[in-house]
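Written out below as structure tokens is the structure these notes cover.
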Amino acid sequence: MASALARSRETTKERKPGRKVRILIGKPGLDGHDRGAKIIARALRDAGFEIIYTGLHQTPEMIVSAAAQEDVDGIGLSILSGAHNYLLPRIVEMLREKKMGNVVVFGGGIIPDEDIPKLKRKGVDRMFTPGTPLQEIVEYVRERVKPRK
Amino acid sequence: MAVSLKDVLGGDVRSAARLMRDLDDEIPAANRLLKRLYKHTGRAYIVGITGAPGSGKSTLVDTLTDHLRGQGKNVGIVAIDPTSPFTGGAILGDRIRMQKHAIDDKVFIRSLATRGHLGGLSKSTIDIVNVMDAMGKDIILIETVGVGQDEVEIVKVAHTNLVVVVPGLGDDIQAIKAGILEIADIFVVNKSDREGADKTRRELETMVAMNEYRKGDWVPPVLPAVAQTGAGVAELMEAIEGHRKFIYLEENLGQYQAGKARVELLEILKKKLVEKAVDDLERHGLLEPIIEEIARKKTDPYSIVEKVVDHSFAFHLIGGNDRTGSKRKKT
Ligand code: B12
Ligand SMILES: Nc1nc2c(ncn2[C@@H]2O[C@H](COP(=O)(O)OP(=O)(O)OP(=O)(O)O)[C@@H](O)[C@H]2O)c(=O)[nH]1
Ligand SMILES: [Mg+2]
């Protein structure tokens with residue numbers, strides 16, 4: 001009974017107006033591996049986020065343009081092709097050009113360990129490699145991605 | 001980021017996007033801007049696209065946008081997907097099929113989650129369409145959540161409503177028949193590259209033919225299309241144009257405008273009244289205790305709602321500030 005009441009309280013709260021975190025999940029480049037991206041999208045939906053899933057074959061321009069139109073707080077990118085060193089910094093750079101530098105950029109995929117610090121320096125907040133538990137990713141997003149002011 | 005009306009009216013993407021977000025999140029300041037923005041609306045032509053999940057609505061929107069861009073039109077797209085009732089989250093995936101226009105600055109695509117609202121739209125849809133209208137879109141395409149019932153709000157919001165049907169429904173057409181005739185201004189039999197398209201088309205035509213129309217009524221055409229290849233979309237564009245001319249006939253325009261104004265008023269009223277009632281109850285610390293009482297069957301929701309409506313609202317509306325509710329004793 002107590003827990004049912006608590007749950008019902010939560011649903012009344014959820015219907016109340018207020019910021020909802022919106023996150024774009026996309027796959028930049030020509031890489032067709034989309035399992036990871038879909039799994040992440042679902043995990044984040046189940047954690048209560050609004051996910052805009054753009055699908056495969058996105059250029060940095062497409063991602064940044066969608067992020068602007070959708071007014072997202074974070075961008076999660078999945079890359080398993082090896083092109084991360086070019087694509088990810090390019091996206092961060094374009095966001096900054098558009099004064100959207102406060103959008104949190106993160107991602108995952110096949111990323112050699114030695115590339116991760118370089119990506120961080122270029123403004124990518126965090127990268128997750130294969131085998132990361134989904135719970136860890138969800139917690140990171142909860143912690144890091146807040147509605148923009 | 002403070003949004004200025006001037007930037008929105010000038011078509012600035014970031015400002016418009018932020019205003020839409022504020023409206024979707026129900027930030028009060030956004031409403032104030034919306035009031036000032038309202039008089040700049042009414043220029044855009046609004047097309048609704050409804051149909052079962054997976055019937056090809058997004059693909060069709062994409063192909064229609066090709067044609068519209070070919071005519072030099074400035075296009076707005078609102079694509080709605082359902083919010084999960086269990087988690088409050090959503091995956092908005094309509095953009096996947098709208099890639100061709102992803103970097104065209106004359107195409108603005110906004111994905112919305114229903115956030116618990118029923119009827120195929122989100123609560124914010126009307127507001128967001130108004131923003132696109134004011135920012136100078138010539139035409140706005142609204143893709144609804146795939147629904148097939150008659151409880152479809154899009155009818156009142158859009159000038160022209162497309163209902164997308166796919167072959168192979170068989171007897172299902174009979175099942176969805178109930179409300180579908182009132183919804184559709186144009187039927188699109190999409191995926192006409194598939195078997196059974198002719199049959200579906202004939203069935204729909206029969207259904208339309210069996211309906212009684214009076215002189216001067218619009219009779220919905222049934223058009224085959226293959227959204228993926230664009231086949232039939234030119235004809236669909238012509239039909240939309242035909243319907244536009246029809247509702248812009250002097251004798252029809254007033255009726256449409258009044259219908260839309262009515263829906264706008266009632267929708268906003270519903271939203272605001274509920275908000276206000278809930279806020280009031282909460283402010284007085286009554287919401288949770290009342291819910292608990294109802295749950296324990298100490299009182300019933302009917303009496304509570306009656307009290308809320310009769311007392312606290314009436315005083316609000318006429319400007320009084322006596323809150324009978326606050327004196328309510330806990331049992
Ligand atoms: C399944 C698979 C395929 C499937 C893909 C099916 C699909 N629709 O996704 C198929 C068979 C089609 C395929 C094809 C190819 N593949 Co393949 N494939 C794999 C394999 C075995 C598993 C990938 C996978 O789905 N993992 C499961 C998901 C859940 O894991 P994940 O994506 O890594 O995601 C996790 C994290 O990385 C992270 N994450 C990932 N994305 C994101 C995004 C965000 C926002 C966040 C927060 C986290 C995050 O979180 C997830 C959970 O922990 C990998 C090897 C491997 N073990 O990784 C090779 C692998 C990725 N493939 C590879 C190659 C080379 C290819 C091909 C080029 C092979 C070829 N020569 O034809 C083609 C190219 C296809 C294309 N068009 O791009 C190489 C890539 C090498 C590289 N990058 O240097 C790999 C690494 C195999 C290898 N060791 O060589 N492949
Ligand atoms: N064969 C065929 N497939 C089509 C056609 N149009 C769309 N599709 C496919 O049908 C599937 C669903 O298309 P969408 O455009 O996503 O359908 P939708 O109605 O927007 O789907 P929801 O938004 O999920 O309700 C996709 O795989 C499309 O490629 C068509 O004319 N013929
Ligand atoms: Mg769709």
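Just so we're on the same page: first chain in the structure tokens is A, next is B, and so on; residues restart at 1 for each chain, and ligands are numbered from 1 in the order they show up.
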Fill in: Shell of 7 Å around ligand 2 (only C-alpha atoms and all ligand atoms), written as JSON, numbers by chain
{"B": [51, 52, 53, 54, 55, 56, 57, 58, 59, 60, 81, 94, 97, 145, 146, 190, 191, 192, 193, 194, 225, 226, 227, 228, 229]}
Worksheet item: Just asking: which residues within chain A are strand (DSSP E or B) according to DSSP, as a PyMOL selection string?
Response: chain A and resi 22-28+50-58+74-79+104-109+126-128
Worksheet entry | For Arg244 of chain B: contacts at 8 Å, only C-alpha atoms, fewer than 3 positions along chain excluded, given as a ChimeraX atom specification | /B:159-160,240-241,247-248
Practice prompt. Restrict the distance test to only C-alpha atoms, flag each residue of chain B within 7 Å of chain A, and return the flagged residues as a ChimeraX atom specification.
Written response: /B:1,13-14,17-18,21,25-27,87-93,95-96,102-103,108-111
Write the residues of the preceding selection, restricted to C-alpha atoms, as a PDB file, in the first residue's frame.
```pdb
ATOM      1  CA  MET B   1      18.481  31.708 -22.876  1.00  0.00           C
ATOM      2  CA  VAL B  13      16.010  28.371 -35.445  1.00  0.00           C
ATOM      3  CA  ARG B  14      17.535  28.385 -31.983  1.00  0.00           C
ATOM      4  CA  ALA B  17      13.402  25.739 -30.882  1.00  0.00           C
ATOM      5  CA  ARG B  18      13.855  27.070 -27.376  1.00  0.00           C
ATOM      6  CA  ARG B  21      10.821  23.548 -25.656  1.00  0.00           C
ATOM      7  CA  ASP B  25       7.784  21.947 -20.716  1.00  0.00           C
ATOM      8  CA  GLU B  26       5.025  24.401 -19.756  1.00  0.00           C
ATOM      9  CA  ILE B  27       7.292  27.173 -18.582  1.00  0.00           C
ATOM     10  CA  THR B  87       8.725   5.391 -17.480  1.00  0.00           C
ATOM     11  CA  GLY B  88       7.761   8.794 -18.870  1.00  0.00           C
ATOM     12  CA  GLY B  89      10.512   8.379 -21.454  1.00  0.00           C
ATOM     13  CA  ALA B  90      10.145   8.247 -25.223  1.00  0.00           C
ATOM     14  CA  ILE B  91      12.042   7.343 -28.367  1.00  0.00           C
ATOM     15  CA  LEU B  92      11.216   9.834 -31.078  1.00  0.00           C
ATOM     16  CA  GLY B  93      12.291   8.132 -34.272  1.00  0.00           C
ATOM     17  CA  ARG B  95      13.519  11.753 -38.164  1.00  0.00           C
ATOM     18  CA  ILE B  96      15.101   8.517 -39.325  1.00  0.00           C
ATOM     19  CA  ALA B 102      18.158  17.310 -42.396  1.00  0.00           C
ATOM     20  CA  ILE B 103      20.369  20.232 -43.383  1.00  0.00           C
ATOM     21  CA  PHE B 108      12.340  22.707 -39.563  1.00  0.00           C
ATOM     22  CA  ILE B 109      11.622  19.312 -38.013  1.00  0.00           C
ATOM     23  CA  ARG B 110      10.470  19.026 -34.432  1.00  0.00           C
ATOM     24  CA  SER B 111       9.844  15.711 -32.673  1.00  0.00           C
TER      25      SER B 111
END
```
Discussion item. One decimal, in Å: what's the spacing between atom CA of His243 of chain B and atom CA of Leu204 of chain B?
Written reply: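 Distance between the two atoms: 18.5 Å.
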Practice prompt. Take atom CA of Leu253 of chain B and atom CA of Ile49 of chain B and report the distance between them in Å, one decimal.
Written response: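 If I compute the distance from atom CA of Leu253 of chain B to atom CA of Ile49 of chain B, I get 20.9 Å.
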Discussion item. From the options A:Arg142, A:Gly109, A:Gly36, A:Lys122, which residue's atoms come nearest to Ile91 of chain A, counting only C-alpha atoms?
Written reply: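 Nearest to Ile91 of chain A: A:Lys122.
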Item to complete: Show me which residues sit within 9 Å of ligand 1 when counting only C-alpha atoms and all ligand atoms, and put them as a ChimeraX atom specification.
Response: /A:24-27,30-41,75-83,105-112,126-134,137-138,140-141
Selection to disk with N, CA and C atoms, as a tab-separated table (two decimals), in the first residue's frame:
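Resulting contents of again-v5.tsv:
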```tsv
chain	number	residue	atom	x	y	z
A	24	LEU	N	19.73	13.62	-28.05
A	24	LEU	CA	19.79	13.08	-29.40
A	24	LEU	C	20.74	11.90	-29.42
A	25	ILE	N	20.31	10.79	-29.99
A	25	ILE	CA	21.20	9.65	-30.18
A	25	ILE	C	21.34	9.43	-31.67
A	26	GLY	N	22.59	9.43	-32.14
A	26	GLY	CA	22.79	9.30	-33.57
A	26	GLY	C	24.04	8.51	-33.90
A	27	LYS	N	24.12	8.13	-35.16
A	27	LYS	CA	25.29	7.41	-35.64
A	27	LYS	C	25.96	8.20	-36.75
A	30	LEU	N	29.68	6.50	-41.88
A	30	LEU	CA	29.11	5.49	-42.76
A	30	LEU	C	28.92	4.15	-42.08
A	31	ASP	N	29.19	4.12	-40.80
A	31	ASP	CA	29.19	2.89	-40.04
A	31	ASP	C	27.76	2.37	-39.83
A	32	GLY	N	27.55	1.09	-40.14
A	32	GLY	CA	26.19	0.55	-40.06
A	32	GLY	C	25.88	-0.22	-38.79
A	33	HIS	N	26.79	-0.24	-37.83
A	33	HIS	CA	26.54	-0.98	-36.58
A	33	HIS	C	25.59	-0.17	-35.71
A	34	ASP	N	24.33	-0.57	-35.65
A	34	ASP	CA	23.41	0.26	-34.89
A	34	ASP	C	22.83	-0.41	-33.64
A	35	ARG	N	23.30	-1.62	-33.35
A	35	ARG	CA	22.76	-2.30	-32.17
A	35	ARG	C	23.01	-1.50	-30.91
A	36	GLY	N	24.26	-1.08	-30.74
A	36	GLY	CA	24.64	-0.33	-29.55
A	36	GLY	C	23.79	0.93	-29.39
A	37	ALA	N	23.65	1.69	-30.49
A	37	ALA	CA	22.89	2.95	-30.43
A	37	ALA	C	21.45	2.68	-30.02
A	38	LYS	N	20.86	1.61	-30.59
A	38	LYS	CA	19.46	1.31	-30.27
A	38	LYS	C	19.31	0.87	-28.82
A	39	ILE	N	20.28	0.09	-28.36
A	39	ILE	CA	20.21	-0.37	-26.96
A	39	ILE	C	20.31	0.81	-26.00
A	40	ILE	N	21.21	1.73	-26.32
A	40	ILE	CA	21.37	2.92	-25.47
A	40	ILE	C	20.10	3.77	-25.51
A	41	ALA	N	19.54	3.93	-26.71
A	41	ALA	CA	18.31	4.73	-26.84
A	41	ALA	C	17.21	4.13	-25.96
A	75	ILE	N	24.03	15.06	-26.59
A	75	ILE	CA	24.12	14.30	-27.83
A	75	ILE	C	24.95	13.05	-27.56
A	76	GLY	N	24.35	11.89	-27.80
A	76	GLY	CA	25.06	10.64	-27.60
A	76	GLY	C	25.35	10.00	-28.94
A	77	LEU	N	26.64	9.73	-29.21
A	77	LEU	CA	27.02	9.25	-30.53
A	77	LEU	C	27.64	7.87	-30.45
A	78	SER	N	27.27	7.02	-31.38
A	78	SER	CA	27.79	5.67	-31.39
A	78	SER	C	28.64	5.46	-32.63
A	79	ILE	N	29.90	5.10	-32.43
A	79	ILE	CA	30.80	4.89	-33.57
A	79	ILE	C	31.60	3.60	-33.40
A	80	LEU	N	31.46	2.70	-34.37
A	80	LEU	CA	32.25	1.47	-34.32
A	80	LEU	C	33.13	1.33	-35.56
A	81	SER	N	33.27	2.42	-36.31
A	81	SER	CA	33.95	2.33	-37.60
A	81	SER	C	35.40	2.76	-37.53
A	82	GLY	N	35.78	3.45	-36.46
A	82	GLY	CA	37.14	3.96	-36.40
A	82	GLY	C	37.27	5.42	-36.79
A	83	ALA	N	36.19	6.05	-37.19
A	83	ALA	CA	36.28	7.45	-37.65
A	83	ALA	C	36.05	8.47	-36.54
A	105	VAL	N	28.32	16.38	-25.11
A	105	VAL	CA	28.55	15.37	-26.14
A	105	VAL	C	29.24	14.16	-25.51
A	106	PHE	N	28.64	12.99	-25.71
A	106	PHE	CA	29.22	11.76	-25.16
A	106	PHE	C	28.95	10.65	-26.16
A	107	GLY	N	29.46	9.44	-25.87
A	107	GLY	CA	29.22	8.38	-26.84
A	107	GLY	C	29.89	7.09	-26.45
A	108	GLY	N	29.99	6.22	-27.46
A	108	GLY	CA	30.60	4.94	-27.21
A	108	GLY	C	30.81	4.18	-28.50
A	109	GLY	N	31.36	2.98	-28.37
A	109	GLY	CA	31.64	2.16	-29.53
A	109	GLY	C	33.02	1.56	-29.43
A	110	ILE	N	33.59	1.24	-30.61
A	110	ILE	CA	34.94	0.70	-30.64
A	110	ILE	C	35.92	1.86	-30.66
A	111	ILE	N	36.40	2.23	-29.47
A	111	ILE	CA	37.29	3.38	-29.34
A	111	ILE	C	38.54	2.91	-28.60
A	112	PRO	N	39.71	2.91	-29.27
A	112	PRO	CA	40.93	2.50	-28.58
A	112	PRO	C	41.19	3.39	-27.35
A	126	ARG	N	32.55	12.15	-22.48
A	126	ARG	CA	32.82	10.80	-21.99
A	126	ARG	C	32.56	9.78	-23.09
A	127	MET	N	33.41	8.76	-23.17
A	127	MET	CA	33.20	7.68	-24.14
A	127	MET	C	33.10	6.34	-23.41
A	128	PHE	N	32.18	5.49	-23.83
A	128	PHE	CA	31.99	4.17	-23.23
A	128	PHE	C	32.37	3.09	-24.23
A	129	THR	N	33.11	2.10	-23.79
A	129	THR	CA	33.55	1.05	-24.70
A	129	THR	C	32.73	-0.23	-24.47
A	130	PRO	N	32.85	-1.20	-25.38
A	130	PRO	CA	32.02	-2.41	-25.29
A	130	PRO	C	32.09	-3.06	-23.92
A	131	GLY	N	30.97	-3.57	-23.50
A	131	GLY	CA	30.92	-4.26	-22.21
A	131	GLY	C	30.49	-3.37	-21.05
A	132	THR	N	30.39	-2.05	-21.29
A	132	THR	CA	29.94	-1.17	-20.21
A	132	THR	C	28.51	-1.52	-19.83
A	133	PRO	N	28.24	-1.74	-18.53
A	133	PRO	CA	26.86	-2.01	-18.13
A	133	PRO	C	25.96	-0.80	-18.43
A	134	LEU	N	24.75	-1.07	-18.89
A	134	LEU	CA	23.84	0.02	-19.25
A	134	LEU	C	23.55	0.92	-18.05
A	137	ILE	N	25.90	3.71	-17.75
A	137	ILE	CA	25.65	4.77	-18.73
A	137	ILE	C	24.46	5.63	-18.31
A	138	VAL	N	23.40	4.97	-17.85
A	138	VAL	CA	22.21	5.70	-17.41
A	138	VAL	C	22.56	6.63	-16.25
A	140	TYR	N	25.48	7.89	-15.53
A	140	TYR	CA	26.29	9.00	-16.05
A	140	TYR	C	25.39	10.08	-16.64
A	141	VAL	N	24.44	9.67	-17.46
A	141	VAL	CA	23.58	10.64	-18.14
A	141	VAL	C	22.74	11.42	-17.12
```
Response to the item:
Among B:Glu251, B:Asp24, B:Asp279, B:Asp7, Lys123 of chain B is approached most closely, using only C-alpha atoms, by B:Asp24
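Picture a line from atom CA of Gly123 of chain A to atom CA of His84 of chain A; it runs 12.8 Å.
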Discussion item. According to DSSP computed on the backbone, where in chain A is there alpha helix (DSSP H)? Give the residues as a ChimeraX atom specification.
Written reply: /A:2-15,35-46,60-70,84-97,115-121,134-144
Fill in: Pick from B:Ile142, B:Val47, B:Ala30, B:Ile126, whichever lies nearest to ligand 3 using only C-alpha atoms and all ligand atoms
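Closest candidate: B:Ile142.
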